[in-house]
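Colleague: What follows is data-v3.tsv, made up of TSV, C-alpha atoms:
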chain	number	residue	atom	x	y	z
A	1	MET	CA	-65.96	27.67	28.52
A	2	ARG	CA	-67.82	28.56	25.35
A	3	ILE	CA	-68.18	25.31	23.42
A	4	ALA	CA	-69.95	25.59	20.09
A	5	GLY	CA	-69.71	22.01	18.87
A	6	LEU	CA	-69.07	18.39	19.76
A	7	GLN	CA	-67.98	15.56	17.50
A	8	LYS	CA	-68.75	12.44	19.50
A	9	LEU	CA	-66.31	10.10	17.79
A	10	THR	CA	-63.28	10.52	15.57
A	11	LEU	CA	-60.34	8.37	14.53
A	12	LEU	CA	-58.59	11.27	12.79
A	13	ASP	CA	-58.28	14.26	15.11
A	14	PHE	CA	-56.07	12.71	17.81
A	15	PRO	CA	-53.27	10.46	16.52
A	16	GLY	CA	-53.49	6.97	17.99
A	17	ARG	CA	-56.65	7.69	19.99
A	18	LEU	CA	-60.35	6.97	19.69
A	19	SER	CA	-61.53	10.39	20.72
A	20	ALA	CA	-64.19	13.06	20.82
A	21	THR	CA	-63.60	16.61	19.61
A	22	ILE	CA	-64.96	19.85	20.99
A	23	PHE	CA	-64.97	23.18	19.14
A	24	THR	CA	-64.55	26.35	21.19
A	25	SER	CA	-65.97	29.69	20.07
A	26	GLY	CA	-63.95	32.74	19.09
A	27	CYS	CA	-60.50	33.42	17.68
A	28	ASP	CA	-58.05	36.30	17.95
A	29	LEU	CA	-57.11	35.99	14.27
A	30	ARG	CA	-59.20	36.52	11.13
A	31	CYS	CA	-57.39	34.42	8.53
A	32	PRO	CA	-59.54	34.98	5.44
A	33	PHE	CA	-59.24	31.34	4.36
A	34	CYS	CA	-60.41	29.99	7.75
A	35	HIS	CA	-62.73	27.03	7.22
A	36	ASN	CA	-64.59	27.49	10.55
A	37	ALA	CA	-66.00	30.97	10.00
A	38	SER	CA	-69.05	30.36	12.17
A	39	LEU	CA	-66.80	29.68	15.18
A	40	VAL	CA	-64.73	32.80	14.57
A	41	ASN	CA	-67.63	35.17	13.96
A	42	ASP	CA	-69.77	34.11	16.90
A	43	ALA	CA	-67.45	34.25	19.90
A	44	GLU	CA	-70.38	34.16	22.33
A	45	ASN	CA	-71.89	30.94	21.00
A	46	SER	CA	-72.05	28.19	23.60
A	47	ASP	CA	-74.17	25.19	22.68
A	48	PHE	CA	-72.58	23.00	25.37
A	49	SER	CA	-71.48	23.77	28.90
A	50	ALA	CA	-68.25	22.41	30.34
A	51	GLU	CA	-70.34	20.29	32.69
A	52	GLU	CA	-72.22	18.71	29.79
A	53	ILE	CA	-68.97	17.78	28.07
A	54	LEU	CA	-67.50	16.36	31.28
A	55	ASP	CA	-70.65	14.28	31.86
A	56	PHE	CA	-70.45	13.05	28.25
A	57	LEU	CA	-66.84	11.97	28.78
A	58	LYS	CA	-67.62	10.21	32.07
A	59	GLU	CA	-70.37	8.20	30.38
A	60	ARG	CA	-68.00	7.06	27.62
A	61	LYS	CA	-64.92	6.32	29.68
A	62	GLY	CA	-63.45	3.06	28.46
A	63	ARG	CA	-64.89	3.49	24.98
A	64	LEU	CA	-63.17	6.79	24.25
A	65	THR	CA	-59.60	7.46	25.37
A	66	GLY	CA	-58.98	11.01	24.20
A	67	LEU	CA	-60.44	14.49	23.80
A	68	ALA	CA	-59.29	16.87	21.07
A	69	ILE	CA	-59.87	20.56	21.81
A	70	THR	CA	-59.99	22.81	18.78
A	71	GLY	CA	-61.69	26.00	17.64
A	72	GLY	CA	-61.58	28.84	17.00
A	73	GLU	CA	-58.68	29.35	19.38
A	74	PRO	CA	-59.11	27.30	22.57
A	75	LEU	CA	-56.58	29.33	24.56
A	76	LEU	CA	-58.92	32.32	24.34
A	77	GLN	CA	-61.12	30.59	26.90
A	78	ALA	CA	-60.46	32.02	30.36
A	79	ASP	CA	-61.06	28.70	32.11
A	80	ILE	CA	-59.38	26.40	29.58
A	81	THR	CA	-56.67	25.25	32.01
A	82	GLU	CA	-59.16	24.26	34.70
A	83	PHE	CA	-61.33	22.49	32.14
A	84	ILE	CA	-58.40	20.43	30.86
A	85	LYS	CA	-57.50	19.50	34.45
A	86	GLN	CA	-61.01	18.13	34.93
A	87	VAL	CA	-60.80	16.15	31.69
A	88	LYS	CA	-57.48	14.66	32.79
A	89	GLU	CA	-58.91	13.78	36.21
A	90	ILE	CA	-61.56	11.66	34.48
A	91	GLY	CA	-58.74	9.73	32.82
A	92	TYR	CA	-58.61	11.09	29.27
A	93	ALA	CA	-55.64	12.03	27.14
A	94	VAL	CA	-55.95	15.56	25.74
A	95	LYS	CA	-54.93	17.03	22.39
A	96	LEU	CA	-54.85	20.81	22.01
A	97	ASP	CA	-55.03	22.76	18.75
A	98	THR	CA	-53.67	26.31	18.91
A	99	ASN	CA	-52.37	29.14	16.74
A	100	GLY	CA	-49.55	29.84	19.19
A	101	THR	CA	-50.49	33.41	20.10
A	102	TYR	CA	-50.93	32.69	23.83
A	103	PRO	CA	-47.55	31.34	24.97
A	104	GLU	CA	-48.11	32.15	28.65
A	105	LYS	CA	-51.18	29.93	28.81
A	106	LEU	CA	-49.45	27.28	26.72
A	107	LYS	CA	-46.46	27.37	29.07
A	108	VAL	CA	-48.65	26.62	32.09
A	109	ILE	CA	-50.47	23.81	30.31
A	110	LEU	CA	-47.20	22.22	29.21
A	111	ARG	CA	-45.49	22.69	32.56
A	112	GLU	CA	-48.37	21.04	34.43
A	113	GLY	CA	-48.49	18.10	32.00
A	114	LEU	CA	-52.09	18.77	31.03
A	115	VAL	CA	-51.83	17.83	27.36
A	116	ASP	CA	-50.59	14.72	25.61
A	117	TYR	CA	-50.36	16.17	22.08
A	118	VAL	CA	-50.36	19.69	20.63
A	119	ALA	CA	-51.03	20.74	17.04
A	120	MET	CA	-49.96	24.30	16.27
A	121	ASP	CA	-50.82	26.21	13.14
A	122	ILE	CA	-48.05	28.32	11.65
A	123	LYS	CA	-49.67	30.73	9.23
A	124	ASN	CA	-46.79	31.81	6.98
A	125	CYS	CA	-43.22	33.01	7.12
A	126	PHE	CA	-42.98	35.68	9.79
A	127	ASP	CA	-42.68	38.59	7.34
A	128	SER	CA	-45.97	37.56	5.74
A	129	TYR	CA	-48.08	37.07	8.86
A	130	PRO	CA	-49.87	40.45	8.46
A	131	LYS	CA	-51.41	39.57	5.11
A	132	THR	CA	-52.28	36.06	6.26
A	133	ILE	CA	-54.07	36.65	9.56
A	134	GLY	CA	-56.68	39.07	8.18
A	135	LEU	CA	-56.69	41.78	10.87
A	136	GLU	CA	-57.09	45.43	9.91
A	137	ASN	CA	-54.33	46.47	12.33
A	138	ALA	CA	-52.15	43.46	11.60
A	139	ASP	CA	-49.11	45.55	10.72
A	140	LYS	CA	-49.22	47.22	14.16
A	141	ILE	CA	-49.80	44.07	16.22
A	142	CYS	CA	-47.69	41.64	14.25
A	143	GLY	CA	-44.45	42.37	16.08
A	144	PRO	CA	-45.77	41.18	19.47
A	145	LEU	CA	-47.91	38.49	17.83
A	146	ILE	CA	-44.96	37.01	15.97
A	147	ASP	CA	-42.89	37.11	19.14
A	148	ASN	CA	-45.66	35.08	20.80
A	149	VAL	CA	-45.70	32.58	17.94
A	150	LYS	CA	-41.92	32.22	18.08
A	151	GLU	CA	-42.10	31.65	21.83
A	152	SER	CA	-44.78	28.97	21.40
A	153	ILE	CA	-42.66	27.22	18.77
A	154	GLU	CA	-39.71	27.06	21.15
A	155	LEU	CA	-41.91	25.98	24.07
A	156	LEU	CA	-43.15	23.00	22.09
A	157	LYS	CA	-39.70	22.09	20.80
A	158	SER	CA	-38.36	21.93	24.36
A	159	SER	CA	-41.46	20.44	26.01
A	160	GLY	CA	-40.83	16.73	25.52
A	161	ILE	CA	-44.53	16.40	24.63
A	162	PRO	CA	-45.52	15.05	21.18
A	163	PHE	CA	-46.51	17.90	18.87
A	164	GLU	CA	-46.93	18.85	15.26
A	165	PHE	CA	-46.69	22.07	13.31
A	166	ARG	CA	-48.91	22.52	10.28
A	167	THR	CA	-49.65	25.13	7.64
A	168	THR	CA	-52.67	25.44	5.38
A	169	ILE	CA	-51.42	26.96	2.15
A	170	VAL	CA	-53.46	29.07	-0.24
A	171	LYS	CA	-52.14	29.89	-3.68
A	172	GLU	CA	-53.01	33.57	-3.38
A	173	LEU	CA	-51.43	33.99	0.08
A	174	HIS	CA	-48.45	31.63	0.09
A	175	SER	CA	-45.80	31.88	-2.60
A	176	LYS	CA	-43.31	29.06	-2.94
A	177	GLU	CA	-40.60	31.44	-1.76
A	178	GLU	CA	-42.60	32.30	1.38
A	179	ILE	CA	-43.24	28.64	2.13
A	180	GLU	CA	-39.54	27.79	1.81
A	181	LYS	CA	-38.65	30.73	4.06
A	182	MET	CA	-41.21	29.55	6.63
A	183	ALA	CA	-39.70	26.06	6.66
A	184	LYS	CA	-36.27	27.54	7.29
A	185	GLU	CA	-37.65	29.61	10.18
A	186	ILE	CA	-39.34	26.59	11.76
A	187	GLY	CA	-36.32	24.33	11.47
A	188	ALA	CA	-36.18	20.54	11.69
A	189	VAL	CA	-38.99	18.99	13.76
A	190	ASP	CA	-40.41	15.48	13.91
A	191	LYS	CA	-43.83	16.38	12.50
A	192	TYR	CA	-44.70	19.15	10.06
A	193	PHE	CA	-47.65	18.97	7.70
A	194	ILE	CA	-48.53	21.01	4.65
A	195	GLN	CA	-52.29	21.14	4.21
A	196	SER	CA	-53.87	22.29	0.98
A	197	TYR	CA	-56.63	24.89	1.07
A	198	VAL	CA	-60.13	23.42	0.73
A	199	ASP	CA	-63.34	25.42	0.49
A	200	SER	CA	-65.38	23.99	3.37
A	201	GLY	CA	-68.45	26.07	2.60
A	202	ASP	CA	-67.83	27.99	5.84
A	203	ILE	CA	-64.94	30.18	4.69
A	204	LEU	CA	-64.44	33.45	6.56
A	205	ASN	CA	-63.95	35.60	3.45
A	206	ASP	CA	-64.74	34.37	-0.04
A	207	PHE	CA	-61.98	36.03	-2.03
A	208	GLY	CA	-61.94	33.33	-4.69
A	209	PHE	CA	-59.01	31.52	-3.12
A	210	SER	CA	-57.57	28.46	-4.85
A	211	ALA	CA	-55.36	25.51	-4.02
A	212	TYR	CA	-52.07	24.43	-5.49
A	213	SER	CA	-52.23	21.37	-7.73
A	214	LYS	CA	-50.90	18.05	-6.47
A	215	ASN	CA	-47.78	18.37	-8.63
A	216	GLU	CA	-47.17	21.87	-7.30
A	217	LEU	CA	-47.61	20.63	-3.75
A	218	LEU	CA	-45.05	17.89	-4.34
A	219	GLU	CA	-42.61	20.54	-5.60
A	220	ILE	CA	-43.32	22.64	-2.50
A	221	LEU	CA	-42.75	19.60	-0.29
A	222	ASP	CA	-39.31	19.15	-1.81
A	223	LEU	CA	-38.47	22.77	-0.95
A	224	VAL	CA	-39.67	22.32	2.63
A	225	LYS	CA	-37.77	19.05	3.10
A	226	LYS	CA	-34.49	20.93	2.69
A	227	TYR	CA	-35.13	22.32	6.18
A	228	ILE	CA	-37.68	19.87	7.64
A	229	PRO	CA	-36.74	16.40	6.32
A	230	ASN	CA	-39.78	14.76	7.95
A	231	ALA	CA	-42.31	17.15	6.37
A	232	GLN	CA	-45.39	15.58	4.80
A	233	LEU	CA	-48.43	16.53	2.78
A	234	ARG	CA	-51.74	15.99	4.57
A	235	GLY	CA	-55.11	15.45	2.93
A	236	VAL	CA	-53.69	15.24	-0.59
A	237	ASP	CA	-54.66	12.18	-2.62
In structure tokens, what does this structure look like?
Modeller:
Amino acid sequence: MRIAGLQKLTLLDFPGRLSATIFTSGCDLRCPFCHNASLVNDAENSDFSAEEILDFLKERKGRLTGLAITGGEPLLQADITEFIKQVKEIGYAVKLDTNGTYPEKLKVILREGLVDYVAMDIKNCFDSYPKTIGLENADKICGPLIDNVKESIELLKSSGIPFEFRTTIVKELHSKEEIEKMAKEIGAVDKYFIQSYVDSGDILNDFGFSAYSKNELLEILDLVKKYIPNAQLRGVD
């Protein structure tokens, strides 16, 4: 496991849990608006070993009840399944963040009951994935990649495990028409969140991206609700 960061306490990352969050290094995508550029660019970074994280969790058992695993893309890690098993053996609930491009690993994790909550990023409507994921050869790989994303969506829908889908929207990369099309492709689910782009100061590519206004986001939400009635805005005051 290559673990680049640890947040020792959060009330926000894992719904209903007092949890810690770890950040794994590396990602298979290069979304230009990514707010964790340092994690994406330095796939070899490992400030914490798996053993250090497990020891940390053992020491805080009873005070913390959950661990959120985010990145980067956690499913890139070769030993992610074994690591989650060890976390569960200590007695923690586990939340996994993923972009959905590794359905075979996700299938194993779901089948073995290793996660208690999954948050999956859906980048755009399927036709617009190439421009959104920032890879030079995106047009060539996007067929298989989108198939993987579609498979992950269906795996979560049929898993019986609590999950959410979410999309960070950027004015220059997500038209209202694309967002509505994406909602139609996803279909009705219990939890879907629209997140507005925010410049974190650690953006992968500074192309002068901008966010939709609150009023525009409310209009977009109305479009999305035609297909996902439970859709919500997240992080919008």
Colleague: Show me, as a PyMOL selection string, the residues that have an atom within 10 Å of region 232-237 of chain A when counting all atoms listed in the file, minus same-chain residues fewer than 4 positions from it.
Modeller: chain A and resi 166-168+191-198+213-214+217-218+220-222+224-225+228
Colleague: Which residue gives the smallest distance to Val87 (chain A) among A:Thr65, A:Ser159, A:Ser200, A:Ser128, with all atoms listed in the file counted?
Modeller: A:Thr65
Colleague: Please measure the separation of CA of Ile22 (chain A) and CA of Thr70 (chain A), giving the value in Å to one decimal.
Modeller: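 Taking CA of Ile22 (chain A) and CA of Thr70 (chain A), their separation equals 6.2 Å.
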Colleague: Given all atoms listed in the file as the basis, pick out the residue of A:Leu39, A:Ile141, A:Leu96, A:Cys31 nearest to Lys123 (chain A).
Modeller: A:Cys31
Colleague: Which value, in Å to one decimal, gives the distance between CA of Ala231 (chain A) and CA of Gln7 (chain A)?
Modeller: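 Between CA of Ala231 (chain A) and CA of Gln7 (chain A) the gap works out to 28.0 Å.
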Colleague: Determine, counting all atoms listed in the file, which protein, DNA and RNA residues have an atom within 12 Å of an atom of Thr24 (chain A); residues of the same chain fewer than 2 positions away are not included. Present the result as a ChimeraX atom specification.
Modeller: /A:1-7,21-22,26-27,36,38-50,53,68-80,96-98
Colleague: Which residues, written as a PyMOL selection string, have at least one atom at most 12 Å from Glu177 (chain A), with only C-alpha atoms counted and residues fewer than 6 positions away on the same chain left out?
Modeller: chain A and resi 124-125+127-128+171+183-184+219-220+223-224
Colleague: Check the smallest atom-to-atom distance from each of A:Ala211, A:Leu156, A:Ile169, A:Ile133 to Pro32 (chain A) using all atoms listed in the file, then report the winner.
Modeller: A:Ile133
Colleague: Can you tell me which residues surround Glu151 (chain A) at a distance of at most 9 Å, considering all atoms listed in the file, apart from same-chain residues fewer than 5 positions away, and format the answer as a list in words?
Modeller: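 My list of contacting residues is Gly100, Thr101, Pro103, Ile146 and Leu156 of chain A.
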Colleague: With distances taken over all atoms listed in the file, which of A:Gly208, A:Pro229, A:Gly66, A:Pro130 is nearest to Ile84 (chain A)?
Modeller: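 Checking each candidate against Ile84 (chain A), we get A:Gly66 as the closest.
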Colleague: Out of A:Tyr117, A:Leu11, A:Ala138, A:Ile122, which residue has the shortest atom-to-atom distance to Pro162 (chain A) when counting only C-alpha atoms?
Modeller: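 For Pro162 (chain A), the nearest of the candidates is A:Tyr117.
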Colleague: Go through A:Phe165, A:Tyr212, A:Tyr102, A:Phe126 one by one, measure the shortest atom-to-atom distance of each to Ser152 (chain A) using all atoms listed in the file, and give the residue with the smallest value.
Modeller: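 Of the candidates, the smallest distance to Ser152 (chain A) is held by A:Tyr102.
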Colleague: Using CA of Lys8 (chain A) and CA of Arg60 (chain A) as the two end points, give the distance in Å to one decimal.
Modeller: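 CA of Arg60 (chain A) lies at a distance of 9.8 Å from CA of Lys8 (chain A).
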Colleague: Can you sort out region 213-235 of chain A so it carries N, CA, C and O atoms, written as a short mmCIF file (atom, residue, chain, number, x, y, z; two decimals), in the frame of the given file?
Modeller:
data_model
loop_
_atom_site.label_atom_id
_atom_site.label_comp_id
_atom_site.auth_asym_id
_atom_site.auth_seq_id
_atom_site.Cartn_x
_atom_site.Cartn_y
_atom_site.Cartn_z
N SER A 213 -52.00 22.71 -7.19
CA SER A 213 -52.23 21.37 -7.73
C SER A 213 -51.36 20.36 -6.98
O SER A 213 -50.42 20.73 -6.26
N LYS A 214 -51.68 19.10 -7.15
CA LYS A 214 -50.90 18.05 -6.47
C LYS A 214 -49.44 18.11 -6.88
O LYS A 214 -48.54 17.99 -6.04
N ASN A 215 -49.17 18.30 -8.17
CA ASN A 215 -47.78 18.37 -8.63
C ASN A 215 -47.06 19.57 -8.02
O ASN A 215 -45.88 19.48 -7.64
N GLU A 216 -47.77 20.69 -7.92
CA GLU A 216 -47.17 21.87 -7.30
C GLU A 216 -46.89 21.62 -5.82
O GLU A 216 -45.85 22.04 -5.29
N LEU A 217 -47.81 20.94 -5.15
CA LEU A 217 -47.61 20.63 -3.75
C LEU A 217 -46.40 19.71 -3.53
O LEU A 217 -45.67 19.86 -2.56
N LEU A 218 -46.21 18.77 -4.44
CA LEU A 218 -45.05 17.89 -4.34
C LEU A 218 -43.75 18.68 -4.53
O LEU A 218 -42.74 18.42 -3.86
N GLU A 219 -43.77 19.67 -5.42
CA GLU A 219 -42.61 20.54 -5.60
C GLU A 219 -42.36 21.36 -4.34
O GLU A 219 -41.21 21.54 -3.90
N ILE A 220 -43.44 21.87 -3.75
CA ILE A 220 -43.32 22.64 -2.50
C ILE A 220 -42.76 21.76 -1.39
O ILE A 220 -41.91 22.18 -0.61
N LEU A 221 -43.24 20.52 -1.31
CA LEU A 221 -42.75 19.60 -0.29
C LEU A 221 -41.24 19.40 -0.40
O LEU A 221 -40.54 19.36 0.60
N ASP A 222 -40.75 19.30 -1.61
CA ASP A 222 -39.31 19.15 -1.81
C ASP A 222 -38.55 20.37 -1.28
O ASP A 222 -37.46 20.22 -0.69
N LEU A 223 -39.11 21.56 -1.47
CA LEU A 223 -38.47 22.77 -0.95
C LEU A 223 -38.45 22.75 0.58
O LEU A 223 -37.44 23.08 1.21
N VAL A 224 -39.56 22.35 1.17
CA VAL A 224 -39.67 22.32 2.63
C VAL A 224 -38.74 21.28 3.23
O VAL A 224 -38.12 21.51 4.28
N LYS A 225 -38.59 20.14 2.57
CA LYS A 225 -37.77 19.05 3.10
C LYS A 225 -36.29 19.42 3.21
O LYS A 225 -35.53 18.76 3.92
N LYS A 226 -35.87 20.48 2.54
CA LYS A 226 -34.49 20.93 2.69
C LYS A 226 -34.22 21.37 4.13
O LYS A 226 -33.09 21.29 4.62
N TYR A 227 -35.26 21.82 4.81
CA TYR A 227 -35.13 22.32 6.18
C TYR A 227 -35.85 21.45 7.21
O TYR A 227 -35.46 21.42 8.37
N ILE A 228 -36.91 20.76 6.76
CA ILE A 228 -37.68 19.87 7.64
C ILE A 228 -37.78 18.52 6.94
O ILE A 228 -38.76 18.24 6.24
N PRO A 229 -36.78 17.67 7.09
CA PRO A 229 -36.74 16.40 6.32
C PRO A 229 -37.97 15.52 6.52
O PRO A 229 -38.33 14.76 5.62
N ASN A 230 -38.63 15.61 7.67
CA ASN A 230 -39.78 14.76 7.95
C ASN A 230 -41.11 15.36 7.48
O ASN A 230 -42.17 14.79 7.75
N ALA A 231 -41.07 16.48 6.80
CA ALA A 231 -42.31 17.15 6.37
C ALA A 231 -43.14 16.23 5.47
O ALA A 231 -42.60 15.43 4.71
N GLN A 232 -44.46 16.38 5.59
CA GLN A 232 -45.39 15.58 4.80
C GLN A 232 -46.54 16.44 4.28
O GLN A 232 -46.84 17.50 4.84
N LEU A 233 -47.17 15.96 3.22
CA LEU A 233 -48.43 16.53 2.78
C LEU A 233 -49.56 15.83 3.54
O LEU A 233 -49.50 14.63 3.79
N ARG A 234 -50.59 16.57 3.89
CA ARG A 234 -51.74 15.99 4.57
C ARG A 234 -53.00 16.29 3.78
O ARG A 234 -53.22 17.41 3.32
N GLY A 235 -53.83 15.25 3.60
CA GLY A 235 -55.11 15.45 2.93
C GLY A 235 -55.01 15.62 1.44
O GLY A 235 -55.88 16.20 0.81
#
